[in-house]
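Remarks on the structure that follows.
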Amino acid sequence: MNSLIRTTARCLRSGAAVYLPRQADRRVLSAPARFLCAAADLQKDLAEMVKKDKVVVFMKGTPAQPMCGFSNAVVQILRMHGVDQYAAYNVLEDSELREGVKAFSNWPTIPQVYFSGEFVGGCDILLQMHQNGDLVDELKKLGISSALLEAEKESK
C-alpha cells in the first residue's frame with residue numbers, strides 16, 4: 001500500500017518548469033512541463049524533453065533565480081550570446097529528475113546543457129566553448145545568431 005501511495009504522489013507532483021521570455025516585455029514565464037511517474041518512463045521523458053527545444057538546460061534554480069554559481073554561469077553565458085528562449089528545468093524541485101538526468105547523460109554534475117537533443121556538457125564545457133568561439137558556431141547550427149557576433153560586427 002505504501003508503495004502505491006508513493007507512486008501516486010510522485011505522479012501527481014509536478015516535475016519541472018519551462019521558462020520562456022515573453023517577446024514584448026521580456027519577463028520570464030513558467031509553466032509545468034511534465035509529470036514524473038516511474039524511473040523507466042523518466043529516461044523516455046528526458047529523451048523527449050531534450051529534443052523538444054533547441055536549447056535545454058537542467059539547472060539548480062531558474063534562469064531568473066539560479067541557485068548555484070555554475071547554473072548562474074550557464075545562464076549568464078547564454079544571456080551574453082542573446083539566447084533567451086530555452087527550456088530550463090529546475091532539478092532542485094525533483095530529486096528523481098536530478099538523478100535521472102545524470103544517468104541519462106552519464107554526466108555527474110548539474111547544470112547540463114543540450115542543443116537540439118544532443119548533450120553539450122556542463123558549465124565548464126559551455127564556458128570553454130564561449131571562450132574559444134565554438135559556442136558562436138554551435139548556436140549558428142541551431143539557427144541562433146549570437147548577440148556577441150552581432151555586437152562585434154556593429155563595432156567595426
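Every chain in the C-alpha cells takes a letter, A first, then B, and so on in the order presented; its residues are numbered from 1, and the ligands are numbered from 1 following the presented order.
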Within 12 Å of A:Ala103 using only C-alpha atoms, minus same-chain residues under 6 positions, as a compact mmCIF listing (two decimals) with all heavy atoms, in the first residue's frame:
```
# COMPACT_ATOMS: atom_id res chain seq x y z
N ALA A 39 10.70 5.39 -12.97
CA ALA A 39 12.08 5.52 -13.43
C ALA A 39 12.23 5.14 -14.89
O ALA A 39 12.96 5.79 -15.64
CB ALA A 39 13.00 4.68 -12.55
N ALA A 40 11.54 4.11 -15.32
CA ALA A 40 11.62 3.68 -16.72
C ALA A 40 11.09 4.76 -17.65
O ALA A 40 11.66 5.03 -18.70
CB ALA A 40 10.85 2.38 -16.92
N LEU A 42 11.07 7.89 -16.94
CA LEU A 42 11.89 9.07 -16.80
C LEU A 42 12.90 9.18 -17.94
O LEU A 42 13.07 10.26 -18.52
CB LEU A 42 12.61 9.08 -15.46
CG LEU A 42 13.55 10.26 -15.21
CD1 LEU A 42 12.81 11.58 -15.34
CD2 LEU A 42 14.20 10.14 -13.85
N GLN A 43 13.56 8.09 -18.29
CA GLN A 43 14.54 8.15 -19.37
C GLN A 43 13.87 8.50 -20.70
O GLN A 43 14.40 9.28 -21.47
CB GLN A 43 15.30 6.82 -19.48
CG GLN A 43 16.15 6.51 -18.25
CD GLN A 43 17.19 7.56 -17.96
OE1 GLN A 43 17.99 7.91 -18.80
NE2 GLN A 43 17.18 8.09 -16.75
N LEU A 46 13.01 12.19 -20.48
CA LEU A 46 14.21 13.01 -20.68
C LEU A 46 14.58 13.08 -22.15
O LEU A 46 14.94 14.15 -22.66
CB LEU A 46 15.37 12.48 -19.84
CG LEU A 46 15.24 12.73 -18.35
CD1 LEU A 46 16.26 11.91 -17.57
CD2 LEU A 46 15.39 14.21 -18.03
N ALA A 47 14.50 11.97 -22.85
CA ALA A 47 14.81 11.96 -24.29
C ALA A 47 13.89 12.91 -25.04
O ALA A 47 14.33 13.64 -25.94
CB ALA A 47 14.71 10.55 -24.84
N GLU A 96 14.28 12.96 -8.32
CA GLU A 96 14.31 11.93 -9.35
C GLU A 96 14.77 12.51 -10.68
O GLU A 96 15.52 11.87 -11.42
CB GLU A 96 12.94 11.27 -9.50
CG GLU A 96 12.59 10.40 -8.31
CD GLU A 96 11.22 9.80 -8.44
OE1 GLU A 96 10.79 9.49 -9.58
OE2 GLU A 96 10.55 9.65 -7.41
N LEU A 97 14.33 13.71 -11.00
CA LEU A 97 14.79 14.39 -12.21
C LEU A 97 16.29 14.64 -12.11
O LEU A 97 17.04 14.41 -13.06
CB LEU A 97 14.04 15.70 -12.42
CG LEU A 97 14.50 16.55 -13.61
CD1 LEU A 97 14.25 15.83 -14.93
CD2 LEU A 97 13.78 17.90 -13.60
N THR A 109 27.37 15.93 -12.97
CA THR A 109 27.09 17.23 -12.35
C THR A 109 25.96 17.97 -13.04
O THR A 109 25.59 17.69 -14.17
CB THR A 109 28.36 18.11 -12.37
OG1 THR A 109 28.77 18.31 -13.72
CG2 THR A 109 29.48 17.48 -11.57
N ILE A 110 25.46 18.96 -12.32
CA ILE A 110 24.43 19.88 -12.79
C ILE A 110 25.07 21.25 -12.74
O ILE A 110 25.78 21.54 -11.78
CB ILE A 110 23.19 19.83 -11.88
CG1 ILE A 110 22.60 18.43 -11.79
CG2 ILE A 110 22.13 20.85 -12.31
CD1 ILE A 110 21.98 17.88 -13.05
N GLN A 112 23.41 20.92 -16.81
CA GLN A 112 23.66 20.19 -18.04
C GLN A 112 22.95 20.92 -19.18
O GLN A 112 21.81 21.33 -19.05
CB GLN A 112 23.14 18.76 -17.95
CG GLN A 112 23.90 17.93 -16.94
CD GLN A 112 23.51 16.47 -16.96
OE1 GLN A 112 22.80 16.01 -17.85
NE2 GLN A 112 23.96 15.74 -15.96
```
Find the residues around A:Ser71 up to 12 Å (only C-alpha atoms counted), leave out those fewer than 6 positions away in its own chain, and share them as JSON, numbers by chain. {"A": [57, 58, 59, 60, 61, 62, 63, 64, 65, 77, 78, 88, 89, 90, 91, 92, 109, 110, 111, 112, 113, 122, 123, 124, 126, 127]}
Tell me which of A:Gly121, A:Val75, A:Ser146, A:Asp53 sits closest to A:Asn106, counting only C-alpha atoms.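 Ranking A:Gly121, A:Val75, A:Ser146, A:Asp53 by distance to A:Asn106, first place goes to A:Gly121.
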Among listed residues A:Tyr86, A:Gln128, A:Met80, A:Val101, nearest A:Ala147 (using only C-alpha atoms):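 Closest to A:Ala147, using only C-alpha atoms: A:Met80.
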